[in-house]
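The data block below is work_20.cif; it holds mmCIF, C-alpha atoms.
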data_model
loop_
_atom_site.label_atom_id
_atom_site.label_comp_id
_atom_site.auth_asym_id
_atom_site.auth_seq_id
_atom_site.Cartn_x
_atom_site.Cartn_y
_atom_site.Cartn_z
CA MET A 1 0.00 0.00 0.00
CA SER A 2 1.35 3.42 -0.95
CA GLU A 3 1.91 5.95 1.81
CA ALA A 4 -0.92 8.46 2.13
CA ALA A 5 -0.03 12.14 2.07
CA GLN A 6 -0.57 13.85 5.41
CA THR A 7 -2.47 17.12 5.21
CA LEU A 8 -2.81 20.31 7.21
CA GLU A 9 -6.30 21.79 7.39
CA GLY A 10 -7.46 25.35 7.93
CA TRP A 11 -10.81 27.04 7.46
CA TYR A 12 -13.81 25.22 6.00
CA CYS A 13 -15.00 26.51 2.65
CA LEU A 14 -18.30 26.85 0.80
CA HIS A 15 -18.54 27.87 -2.84
CA ASP A 16 -22.20 28.79 -3.45
CA PHE A 17 -23.36 29.50 -7.02
CA ARG A 18 -26.79 30.98 -7.79
CA THR A 19 -28.74 31.93 -10.90
CA VAL A 20 -30.98 35.01 -10.75
CA ASP A 21 -34.65 34.46 -11.64
CA TRP A 22 -34.87 37.79 -13.44
CA THR A 23 -38.46 37.20 -14.54
CA ALA A 24 -39.68 36.81 -10.95
CA TRP A 25 -37.37 39.58 -9.71
CA LYS A 26 -38.96 42.05 -12.15
CA THR A 27 -42.40 41.42 -10.65
CA LEU A 28 -41.36 43.16 -7.43
CA THR A 29 -41.84 46.87 -6.96
CA SER A 30 -38.75 49.08 -6.84
CA ASP A 31 -39.18 49.48 -3.07
CA GLU A 32 -39.44 45.71 -2.58
CA ARG A 33 -36.27 45.14 -4.59
CA GLN A 34 -34.40 47.81 -2.63
CA ALA A 35 -35.55 46.30 0.67
CA ALA A 36 -34.29 42.86 -0.42
CA ILE A 37 -30.94 44.32 -1.50
CA HIS A 38 -30.61 46.26 1.76
CA GLU A 39 -31.28 43.09 3.77
CA PHE A 40 -28.63 41.24 1.77
CA LEU A 41 -26.06 44.03 2.23
CA SER A 42 -26.69 43.93 5.99
CA LEU A 43 -25.80 40.24 5.89
CA VAL A 44 -22.65 40.99 3.89
CA GLU A 45 -21.70 43.61 6.48
CA LYS A 46 -21.77 40.88 9.15
CA TRP A 47 -19.48 38.78 6.94
CA GLN A 48 -17.14 41.76 6.69
CA GLU A 49 -17.08 42.22 10.46
CA THR A 50 -16.05 38.57 10.80
CA GLU A 51 -13.31 39.10 8.23
CA ASN A 52 -12.10 42.22 10.01
CA ARG A 53 -11.66 40.10 13.16
CA LYS A 54 -9.76 37.53 11.03
CA GLU A 55 -12.26 34.85 12.03
CA GLY A 56 -13.14 33.99 8.44
CA SER A 57 -13.29 35.49 4.99
CA HIS A 58 -15.58 35.85 1.97
CA ALA A 59 -15.63 36.82 -1.69
CA ILE A 60 -18.54 37.77 -3.96
CA TYR A 61 -18.27 37.57 -7.74
CA THR A 62 -20.61 37.62 -10.71
CA VAL A 63 -20.18 34.63 -13.04
CA VAL A 64 -19.69 34.92 -16.79
CA GLY A 65 -21.63 32.38 -18.85
CA GLN A 66 -24.78 30.33 -18.28
CA LYS A 67 -23.59 28.14 -15.41
CA ALA A 68 -24.54 30.76 -12.79
CA ASP A 69 -24.98 34.49 -12.28
CA ILE A 70 -23.36 35.07 -8.89
CA MET A 71 -21.05 33.16 -6.54
CA PHE A 72 -20.18 33.42 -2.88
CA MET A 73 -17.01 31.93 -1.44
CA ILE A 74 -17.18 31.67 2.35
CA LEU A 75 -14.42 30.58 4.77
CA ARG A 76 -15.17 29.78 8.42
CA PRO A 77 -13.53 27.85 11.29
CA THR A 78 -16.27 25.19 11.45
CA MET A 79 -18.63 23.35 9.12
CA GLU A 80 -21.50 24.38 11.41
CA GLU A 81 -20.78 28.05 10.73
CA LEU A 82 -20.88 27.45 6.98
CA ASN A 83 -24.26 25.77 7.41
CA GLU A 84 -25.55 28.67 9.53
CA ILE A 85 -24.42 31.22 6.94
CA GLU A 86 -26.02 29.28 4.10
CA THR A 87 -29.28 28.94 6.05
CA ALA A 88 -29.33 32.62 7.04
CA PHE A 89 -28.82 33.61 3.41
CA ASN A 90 -31.55 31.23 2.22
CA LYS A 91 -33.99 32.95 4.59
CA THR A 92 -33.46 36.37 3.01
CA LYS A 93 -35.90 37.91 0.56
CA LEU A 94 -33.21 38.08 -2.14
CA ALA A 95 -32.61 34.32 -1.93
CA GLU A 96 -36.22 33.74 -3.04
CA TYR A 97 -35.12 35.00 -6.46
CA LEU A 98 -31.81 33.14 -6.63
CA VAL A 99 -31.93 29.56 -7.91
CA PRO A 100 -29.15 27.24 -6.63
CA ALA A 101 -26.89 26.37 -9.59
CA TYR A 102 -23.93 24.59 -7.98
CA SER A 103 -22.11 24.34 -4.68
CA TYR A 104 -18.85 22.94 -3.41
CA VAL A 105 -17.88 22.05 0.17
CA SER A 106 -14.24 21.69 1.19
CA VAL A 107 -11.53 22.77 3.64
CA VAL A 108 -8.39 24.80 3.00
CA GLU A 109 -5.58 22.26 2.71
CA LEU A 110 -1.80 21.97 2.50
CA SER A 111 -0.16 18.58 1.90
CA ASN A 112 3.13 17.11 3.11
CA TYR A 113 4.54 16.60 -0.38
CA LEU A 114 6.99 19.39 0.38
CA PRO A 115 9.60 18.55 3.06
CA SER A 116 9.18 19.79 6.66
CA ASP A 117 11.88 21.11 8.99
CA GLY A 118 10.37 19.16 11.88
CA SER A 119 8.72 22.10 13.67
CA ASP A 120 5.01 22.49 14.35
CA PRO A 121 3.66 23.77 11.01
CA TYR A 122 0.70 25.45 12.70
CA GLU A 123 3.17 27.76 14.46
CA ASN A 124 4.66 28.87 11.15
CA PRO A 125 3.22 32.31 10.16
CA GLU A 126 3.45 31.52 6.43
CA VAL A 127 1.62 28.20 6.88
CA ARG A 128 -1.06 29.90 8.96
CA ARG A 129 -1.47 32.61 6.33
CA ARG A 130 -2.17 29.93 3.73
CA LEU A 131 -4.46 27.82 5.92
CA PHE A 132 -6.49 30.76 7.23
CA PRO A 133 -6.37 33.20 4.29
CA ILE A 134 -8.10 36.53 3.95
CA LEU A 135 -9.34 36.18 0.39
CA PRO A 136 -7.92 38.75 -2.03
CA LYS A 137 -10.40 41.17 -3.58
CA THR A 138 -9.03 40.90 -7.11
CA LYS A 139 -10.97 41.82 -10.23
CA HIS A 140 -11.45 38.20 -11.30
CA ILE A 141 -11.89 34.70 -9.91
CA CYS A 142 -11.66 31.20 -11.39
CA PHE A 143 -12.89 28.06 -9.61
CA TYR A 144 -12.74 24.43 -10.67
CA PRO A 145 -12.83 21.05 -8.90
CA MET A 146 -10.40 18.28 -9.75
CA ASP A 147 -9.39 14.67 -9.06
CA LYS A 148 -6.25 12.63 -9.43
CA ARG A 149 -6.76 9.83 -11.98
CA ARG A 150 -7.15 6.25 -10.72
CA GLN A 151 -7.12 4.23 -13.94
CA GLY A 152 -4.85 1.36 -14.97
CA ASN A 153 -1.20 2.42 -15.12
CA ASP A 154 -2.21 6.03 -14.49
CA ASN A 155 -3.29 5.54 -10.89
CA TRP A 156 -1.93 8.39 -8.76
CA TYR A 157 -2.67 6.52 -5.55
CA MET A 158 -0.49 3.57 -6.51
CA LEU A 159 2.64 5.71 -6.96
CA PRO A 160 5.32 5.66 -4.25
CA MET A 161 5.40 8.72 -1.99
CA GLU A 162 8.77 9.91 -3.32
CA GLU A 163 7.57 9.85 -6.92
CA ARG A 164 4.43 11.79 -6.00
CA ARG A 165 6.53 14.27 -4.06
CA ASN A 166 8.84 14.86 -7.05
CA LEU A 167 5.89 15.34 -9.40
CA MET A 168 4.21 17.80 -7.05
CA ARG A 169 7.47 19.70 -6.58
CA ALA A 170 7.76 20.18 -10.35
CA HIS A 171 4.10 21.18 -10.49
CA GLY A 172 4.68 23.75 -7.77
CA MET A 173 7.60 25.27 -9.68
CA THR A 174 5.24 26.03 -12.56
CA GLY A 175 2.83 27.73 -10.19
CA ARG A 176 5.56 29.88 -8.68
CA LYS A 177 6.14 31.49 -12.08
CA TYR A 178 2.81 33.24 -11.53
CA ALA A 179 3.62 34.64 -8.08
CA GLY A 180 2.37 38.20 -7.95
CA LYS A 181 -0.03 37.55 -10.82
CA VAL A 182 -2.28 34.79 -9.46
CA VAL A 183 -3.24 33.87 -5.89
CA GLN A 184 -4.21 30.22 -5.49
CA VAL A 185 -6.30 28.70 -2.70
CA ILE A 186 -6.41 24.89 -2.62
CA THR A 187 -9.23 23.24 -0.69
CA GLY A 188 -9.52 19.51 0.01
CA SER A 189 -12.89 17.83 -0.46
CA VAL A 190 -12.32 14.07 -0.07
CA GLY A 191 -15.38 12.89 1.83
CA PHE A 192 -17.00 16.34 1.51
CA ASP A 193 -17.95 16.63 -2.17
CA ASP A 194 -17.83 14.89 -5.55
CA TYR A 195 -14.23 15.75 -6.42
CA GLU A 196 -11.07 15.54 -4.32
CA TRP A 197 -9.94 19.17 -4.46
CA GLY A 198 -11.26 22.59 -5.28
CA VAL A 199 -8.93 25.14 -6.87
CA THR A 200 -9.74 28.85 -6.59
CA LEU A 201 -7.61 31.36 -8.47
CA PHE A 202 -7.64 35.13 -7.98
CA ALA A 203 -6.12 37.65 -10.39
CA ASP A 204 -6.51 41.21 -11.66
CA ASP A 205 -5.64 40.06 -15.18
CA VAL A 206 -8.16 37.38 -16.18
CA LEU A 207 -5.88 36.11 -18.97
CA GLN A 208 -3.47 34.78 -16.32
CA PHE A 209 -5.97 32.02 -15.51
CA LYS A 210 -5.73 30.68 -19.05
CA LYS A 211 -1.95 30.94 -19.13
CA LEU A 212 -1.46 29.26 -15.74
CA VAL A 213 -3.88 26.39 -16.29
CA TYR A 214 -2.59 25.79 -19.82
CA GLU A 215 1.06 25.69 -18.74
CA MET A 216 0.26 23.38 -15.84
CA ARG A 217 -1.42 20.94 -18.25
CA PHE A 218 2.07 20.09 -19.50
CA ASP A 219 3.27 19.06 -16.04
CA GLU A 220 3.11 15.27 -15.79
CA VAL A 221 1.05 15.49 -12.62
CA SER A 222 -1.73 17.17 -14.65
CA ALA A 223 -1.11 15.71 -18.12
CA ARG A 224 -1.13 12.13 -16.87
CA TYR A 225 -3.02 12.21 -13.59
CA GLY A 226 -5.31 15.26 -13.61
CA GLU A 227 -9.11 15.03 -14.02
CA PHE A 228 -10.96 18.35 -14.08
CA GLY A 229 -14.55 19.37 -13.42
CA SER A 230 -16.38 22.47 -14.67
CA PHE A 231 -14.64 25.85 -14.66
CA PHE A 232 -16.37 28.96 -13.34
CA VAL A 233 -14.92 32.39 -14.06
CA GLY A 234 -16.22 35.74 -12.88
CA ASN A 235 -15.79 39.38 -11.98
CA GLN A 236 -15.67 40.95 -8.54
CA LEU A 237 -18.95 42.33 -7.21
CA PRO A 238 -18.09 44.94 -4.56
CA LYS A 239 -20.93 45.87 -2.22
CA GLU A 240 -21.26 49.34 -3.74
CA LYS A 241 -22.15 47.72 -7.09
CA VAL A 242 -24.70 45.17 -5.79
CA SER A 243 -27.63 47.53 -6.35
CA LEU A 244 -26.49 48.18 -9.91
CA PHE A 245 -26.17 44.45 -10.63
CA PHE A 246 -29.75 43.80 -9.45
CA HIS A 247 -31.22 46.94 -11.05
CA VAL A 248 -33.95 46.26 -13.63
#
Would it be possible to restate this file's structure as structure tokens?
Amino acid sequence: MSEAAQTLEGWYCLHDFRTVDWTAWKTLTSDERQAAIHEFLSLVEKWQETENRKEGSHAIYTVVGQKADIMFMILRPTMEELNEIETAFNKTKLAEYLVPAYSYVSVVELSNYLPSDGSDPYENPEVRRRLFPILPKTKHICFYPMDKRRQGNDNWYMLPMEERRNLMRAHGMTGRKYAGKVVQVITGSVGFDDYEWGVTLFADDVLQFKKLVYEMRFDEVSARYGEFGSFFVGNQLPKEKVSLFFHV
């Protein structure tokens, strides 16, 4: 049996995608729409207060294409808190006009494929920054789930630990070329959702998503062992533009 990679876990993560029922939304009066938006913004303000205390984080983006219209990415210390946030949002007036399109449940994760110096990783400020991140408020976001292939001779989980470590090290070197251009948050979802990982990319230049993902496809770890789900790409929706987005 191959050695399993040990992982470090941080905040739990919910990606929540919704489609706007514009036809139903238009049936409301202007005052009703404004009241629903105001209620939603009050909820977002609570999320911001949590982020200011560094007890979680969030990001709100509109989605380009027909897969969804808007997405929320929420980070919290417990799965219960994610459930409470989702439920509280579902009880709002605005949620009555948002149809669930897709969701993904995971936890921020770092693996042990990179060597350790023997110290407690949770005491390392850089490790903590990555496990408990304040999400960047970049112009664009890209999210996709992925698996490692488990077929015939291309079974990632049958490879020896050292071979997997070498492949991941080479993969990481590709990613480091985009330091300063793309921020990557990896979340583990084994036992939580349909895929094994969720990858969320943040950038001010949307073209960097294409360049990064394309270049990584040539790494053996992706070319031979990577299986990818649907990609979602979007634009930041700051709170001051929420009313404009929902204006009809």
Distance query segment 205-221 of chain A at most 10 Å, all atoms listed in the file, self and fewer than 2 positions along chain excluded, as an MDAnalysis selection string: chainID A and resid 138:143 148:149 156 164 166:178 181:182 201:203 223:226 233:235
Explicit residues for the PyMOL selection byres ((chain A and resi 185) around 10) (as a list in words):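 For this structure, the PyMOL selection byres ((chain A and resi 185) around 10) resolves to Val108, Glu109, Leu110, Arg130, Leu131, Pro133, Leu135, Phe143, Val182, Val183, Gln184, Ile186, Thr187, Gly198, Val199, Thr200, Leu201 and Phe202 of chain A.
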Pull the closest atom pair for each residue of segment 47-67 of chain A that gets at most 12 Å from segment 238-243 of chain A, along with the distance in Å to one decimal, counting all atoms listed in the file, ordering rows by chain and then ascending residue number, as a tab-separated table.
residue	atom	partner	partner_atom	distance
A:Trp47	CA	A:Lys239	CA	11.7
A:Gln48	CA	A:Lys239	CA	10.5
A:His58	CA	A:Pro238	CA	11.5
A:Ala59	CA	A:Pro238	CA	9.0
A:Ile60	CA	A:Pro238	CA	7.2
A:Tyr61	CA	A:Pro238	CA	8.0
A:Thr62	CA	A:Pro238	CA	9.9
Considering all atoms listed in the file, return as a short mmCIF file (atom, residue, chain, number, x, y, z; two decimals) with C-alpha atoms, in the coordinates of the input whatever protein or nucleic-acid residues lie within 8 Å of Thr19 of chain A, sequence-local ones (same chain, fewer than 6 positions apart) excluded.
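For reference, out-v5.cif as written:
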data_model
loop_
_atom_site.label_atom_id
_atom_site.label_comp_id
_atom_site.auth_asym_id
_atom_site.auth_seq_id
_atom_site.Cartn_x
_atom_site.Cartn_y
_atom_site.Cartn_z
CA LYS A 67 -23.59 28.14 -15.41
CA ALA A 68 -24.54 30.76 -12.79
CA ASP A 69 -24.98 34.49 -12.28
CA ILE A 70 -23.36 35.07 -8.89
CA LEU A 98 -31.81 33.14 -6.63
CA VAL A 99 -31.93 29.56 -7.91
CA PRO A 100 -29.15 27.24 -6.63
CA ALA A 101 -26.89 26.37 -9.59
#
For the PyMOL selection byres ((chain A and resi 106) around 12), applied here, can you spell out every residue it catches as a VMD selection string? chain A and resid 9 to 16 73 to 79 82 103 to 105 107 to 109 145 185 to 200
Output C-alpha atoms for every residue in the selection just made, as a PDB file, in the frame of the given file.
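Produced file again-v9.pdb, reproduced below:
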ATOM      1  CA  GLU A   9      -6.300  21.790   7.390  1.00  0.00           C
ATOM      2  CA  GLY A  10      -7.460  25.350   7.930  1.00  0.00           C
ATOM      3  CA  TRP A  11     -10.810  27.040   7.460  1.00  0.00           C
ATOM      4  CA  TYR A  12     -13.810  25.220   6.000  1.00  0.00           C
ATOM      5  CA  CYS A  13     -15.000  26.510   2.650  1.00  0.00           C
ATOM      6  CA  LEU A  14     -18.300  26.850   0.800  1.00  0.00           C
ATOM      7  CA  HIS A  15     -18.540  27.870  -2.840  1.00  0.00           C
ATOM      8  CA  ASP A  16     -22.200  28.790  -3.450  1.00  0.00           C
ATOM      9  CA  MET A  73     -17.010  31.930  -1.440  1.00  0.00           C
ATOM     10  CA  ILE A  74     -17.180  31.670   2.350  1.00  0.00           C
ATOM     11  CA  LEU A  75     -14.420  30.580   4.770  1.00  0.00           C
ATOM     12  CA  ARG A  76     -15.170  29.780   8.420  1.00  0.00           C
ATOM     13  CA  PRO A  77     -13.530  27.850  11.290  1.00  0.00           C
ATOM     14  CA  THR A  78     -16.270  25.190  11.450  1.00  0.00           C
ATOM     15  CA  MET A  79     -18.630  23.350   9.120  1.00  0.00           C
ATOM     16  CA  LEU A  82     -20.880  27.450   6.980  1.00  0.00           C
ATOM     17  CA  SER A 103     -22.110  24.340  -4.680  1.00  0.00           C
ATOM     18  CA  TYR A 104     -18.850  22.940  -3.410  1.00  0.00           C
ATOM     19  CA  VAL A 105     -17.880  22.050   0.170  1.00  0.00           C
ATOM     20  CA  VAL A 107     -11.530  22.770   3.640  1.00  0.00           C
ATOM     21  CA  VAL A 108      -8.390  24.800   3.000  1.00  0.00           C
ATOM     22  CA  GLU A 109      -5.580  22.260   2.710  1.00  0.00           C
ATOM     23  CA  PRO A 145     -12.830  21.050  -8.900  1.00  0.00           C
ATOM     24  CA  VAL A 185      -6.300  28.700  -2.700  1.00  0.00           C
ATOM     25  CA  ILE A 186      -6.410  24.890  -2.620  1.00  0.00           C
ATOM     26  CA  THR A 187      -9.230  23.240  -0.690  1.00  0.00           C
ATOM     27  CA  GLY A 188      -9.520  19.510   0.010  1.00  0.00           C
ATOM     28  CA  SER A 189     -12.890  17.830  -0.460  1.00  0.00           C
ATOM     29  CA  VAL A 190     -12.320  14.070  -0.070  1.00  0.00           C
ATOM     30  CA  GLY A 191     -15.380  12.890   1.830  1.00  0.00           C
ATOM     31  CA  PHE A 192     -17.000  16.340   1.510  1.00  0.00           C
ATOM     32  CA  ASP A 193     -17.950  16.630  -2.170  1.00  0.00           C
ATOM     33  CA  ASP A 194     -17.830  14.890  -5.550  1.00  0.00           C
ATOM     34  CA  TYR A 195     -14.230  15.750  -6.420  1.00  0.00           C
ATOM     35  CA  GLU A 196     -11.070  15.540  -4.320  1.00  0.00           C
ATOM     36  CA  TRP A 197      -9.940  19.170  -4.460  1.00  0.00           C
ATOM     37  CA  GLY A 198     -11.260  22.590  -5.280  1.00  0.00           C
ATOM     38  CA  VAL A 199      -8.930  25.140  -6.870  1.00  0.00           C
ATOM     39  CA  THR A 200      -9.740  28.850  -6.590  1.00  0.00           C
TER      40      THR A 200
END
Translate the PyMOL selection byres ((chain A and resi 94) around 7) into a concrete residue list for this structure, as a PyMOL selection string. chain A and resi 36-37+40+92-93+95-98
Report, as JSON, the axis-aligned box around all atoms of segment 89-106 of chain A present in the file, extended by 6 Å on each side; give centre and edge lengths in Å to one decimal place.
{"center_x": -25.2, "center_y": 29.9, "center_z": -2.5, "size_x": 34.0, "size_y": 28.4, "size_z": 26.2}
Residues of segment 79-100 of chain A that have any atom at most 10 Å from an atom of segment 41-46 of chain A: could you tabulate them with the shortest-distance atom pair and the distance in Å to one decimal, using all atoms listed in the file, ordered by chain and increasing number, as a tab-separated table?
residue	atom	partner	partner_atom	distance
A:Ile85	CA	A:Leu43	CA	9.2
A:Ala88	CA	A:Leu43	CA	8.5
A:Phe89	CA	A:Leu43	CA	7.7
A:Thr92	CA	A:Leu43	CA	9.1
Between atom CA of Ala5 of chain A and atom CA of Tyr157 of chain A, what is the distance, to one decimal in Å? 9.8 Å
Please compute the atom CA of Glu126 of chain A-atom CA of Glu3 of chain A distance, one decimal, in Å.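 Atom CA of Glu3 of chain A lies at a distance of 26.0 Å from atom CA of Glu126 of chain A.
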In Å, rounded to a single decimal, give me how far atom CA of Leu8 of chain A is from atom CA of Val127 of chain A.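 These atoms are spaced 9.1 Å apart.
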Counting only C-alpha atoms, which residue out of A:Met71, A:Thr29, A:Ala24, A:Ile134 sits closest to Asn52 of chain A? A:Ile134
Provide segment 37-60 of chain A rebuilt to N, CA, C and O atoms, formatted as an mmCIF file, keeping the file's coordinate frame.
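Listed below is the output, out21.cif:
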data_model
loop_
_atom_site.group_PDB
_atom_site.id
_atom_site.type_symbol
_atom_site.label_atom_id
_atom_site.label_comp_id
_atom_site.auth_asym_id
_atom_site.auth_seq_id
_atom_site.Cartn_x
_atom_site.Cartn_y
_atom_site.Cartn_z
ATOM 1 N N ILE A 37 -32.372 44.034 -1.339
ATOM 2 C CA ILE A 37 -30.940 44.320 -1.500
ATOM 3 C C ILE A 37 -30.354 44.835 -0.196
ATOM 4 O O ILE A 37 -29.254 44.445 0.212
ATOM 5 N N HIS A 38 -31.084 45.713 0.485
ATOM 6 C CA HIS A 38 -30.610 46.260 1.760
ATOM 7 C C HIS A 38 -30.432 45.150 2.802
ATOM 8 O O HIS A 38 -29.438 45.129 3.540
ATOM 9 N N GLU A 39 -31.378 44.221 2.849
ATOM 10 C CA GLU A 39 -31.280 43.090 3.770
ATOM 11 C C GLU A 39 -30.040 42.251 3.464
ATOM 12 O O GLU A 39 -29.294 41.844 4.370
ATOM 13 N N PHE A 40 -29.802 42.012 2.182
ATOM 14 C CA PHE A 40 -28.630 41.240 1.770
ATOM 15 C C PHE A 40 -27.341 41.961 2.154
ATOM 16 O O PHE A 40 -26.406 41.348 2.679
ATOM 17 N N LEU A 41 -27.274 43.265 1.906
ATOM 18 C CA LEU A 41 -26.060 44.030 2.230
ATOM 19 C C LEU A 41 -25.804 44.052 3.738
ATOM 20 O O LEU A 41 -24.647 44.084 4.169
ATOM 21 N N SER A 42 -26.863 44.022 4.531
ATOM 22 C CA SER A 42 -26.690 43.930 5.990
ATOM 23 C C SER A 42 -26.042 42.610 6.370
ATOM 24 O O SER A 42 -25.200 42.547 7.280
ATOM 25 N N LEU A 43 -26.410 41.548 5.652
ATOM 26 C CA LEU A 43 -25.800 40.240 5.890
ATOM 27 C C LEU A 43 -24.325 40.264 5.491
ATOM 28 O O LEU A 43 -23.461 39.745 6.213
ATOM 29 N N VAL A 44 -24.029 40.878 4.343
ATOM 30 C CA VAL A 44 -22.650 40.990 3.890
ATOM 31 C C VAL A 44 -21.812 41.792 4.885
ATOM 32 O O VAL A 44 -20.633 41.486 5.107
ATOM 33 N N GLU A 45 -22.406 42.806 5.491
ATOM 34 C CA GLU A 45 -21.700 43.610 6.480
ATOM 35 C C GLU A 45 -21.293 42.752 7.680
ATOM 36 O O GLU A 45 -20.199 42.914 8.233
ATOM 37 N N LYS A 46 -22.126 41.811 8.065
ATOM 38 C CA LYS A 46 -21.770 40.880 9.150
ATOM 39 C C LYS A 46 -20.599 40.002 8.722
ATOM 40 O O LYS A 46 -19.708 39.711 9.523
ATOM 41 N N TRP A 47 -20.614 39.564 7.456
ATOM 42 C CA TRP A 47 -19.480 38.780 6.940
ATOM 43 C C TRP A 47 -18.200 39.611 7.016
ATOM 44 O O TRP A 47 -17.146 39.097 7.373
ATOM 45 N N GLN A 48 -18.316 40.895 6.681
ATOM 46 C CA GLN A 48 -17.140 41.760 6.690
ATOM 47 C C GLN A 48 -16.610 41.963 8.100
ATOM 48 O O GLN A 48 -15.398 42.015 8.317
ATOM 49 N N GLU A 49 -17.508 42.076 9.069
ATOM 50 C CA GLU A 49 -17.080 42.220 10.460
ATOM 51 C C GLU A 49 -16.309 40.981 10.912
ATOM 52 O O GLU A 49 -15.299 41.091 11.624
ATOM 53 N N THR A 50 -16.774 39.816 10.488
ATOM 54 C CA THR A 50 -16.050 38.570 10.800
ATOM 55 C C THR A 50 -14.673 38.587 10.164
ATOM 56 O O THR A 50 -13.678 38.200 10.793
ATOM 57 N N GLU A 51 -14.595 39.034 8.914
ATOM 58 C CA GLU A 51 -13.310 39.100 8.230
ATOM 59 C C GLU A 51 -12.378 40.097 8.899
ATOM 60 O O GLU A 51 -11.175 39.840 9.029
ATOM 61 N N ASN A 52 -12.921 41.218 9.339
ATOM 62 C CA ASN A 52 -12.100 42.220 10.010
ATOM 63 C C ASN A 52 -11.482 41.670 11.296
ATOM 64 O O ASN A 52 -10.376 42.074 11.680
ATOM 65 N N ARG A 53 -12.187 40.749 11.940
ATOM 66 C CA ARG A 53 -11.660 40.100 13.160
ATOM 67 C C ARG A 53 -10.747 38.931 12.820
ATOM 68 O O ARG A 53 -10.236 38.263 13.732
ATOM 69 N N LYS A 54 -10.571 38.657 11.524
ATOM 70 C CA LYS A 54 -9.760 37.530 11.030
ATOM 71 C C LYS A 54 -10.286 36.193 11.564
ATOM 72 O O LYS A 54 -9.527 35.291 11.908
ATOM 73 N N GLU A 55 -11.605 36.087 11.602
ATOM 74 C CA GLU A 55 -12.260 34.850 12.030
ATOM 75 C C GLU A 55 -12.941 34.157 10.848
ATOM 76 O O GLU A 55 -13.786 33.278 11.036
ATOM 77 N N GLY A 56 -12.574 34.548 9.656
ATOM 78 C CA GLY A 56 -13.140 33.990 8.440
ATOM 79 C C GLY A 56 -12.927 34.962 7.299
ATOM 80 O O GLY A 56 -12.314 36.017 7.474
ATOM 81 N N SER A 57 -13.433 34.605 6.140
ATOM 82 C CA SER A 57 -13.290 35.490 4.990
ATOM 83 C C SER A 57 -14.398 35.179 3.991
ATOM 84 O O SER A 57 -15.115 34.172 4.119
ATOM 85 N N HIS A 58 -14.550 36.054 2.990
ATOM 86 C CA HIS A 58 -15.580 35.850 1.970
ATOM 87 C C HIS A 58 -15.186 36.567 0.702
ATOM 88 O O HIS A 58 -14.329 37.457 0.699
ATOM 89 N N ALA A 59 -15.813 36.160 -0.398
ATOM 90 C CA ALA A 59 -15.630 36.820 -1.690
ATOM 91 C C ALA A 59 -16.936 36.692 -2.453
ATOM 92 O O ALA A 59 -17.618 35.662 -2.376
ATOM 93 N N ILE A 60 -17.302 37.755 -3.171
ATOM 94 C CA ILE A 60 -18.540 37.770 -3.960
ATOM 95 C C ILE A 60 -18.183 38.162 -5.388
ATOM 96 O O ILE A 60 -17.561 39.205 -5.605
#
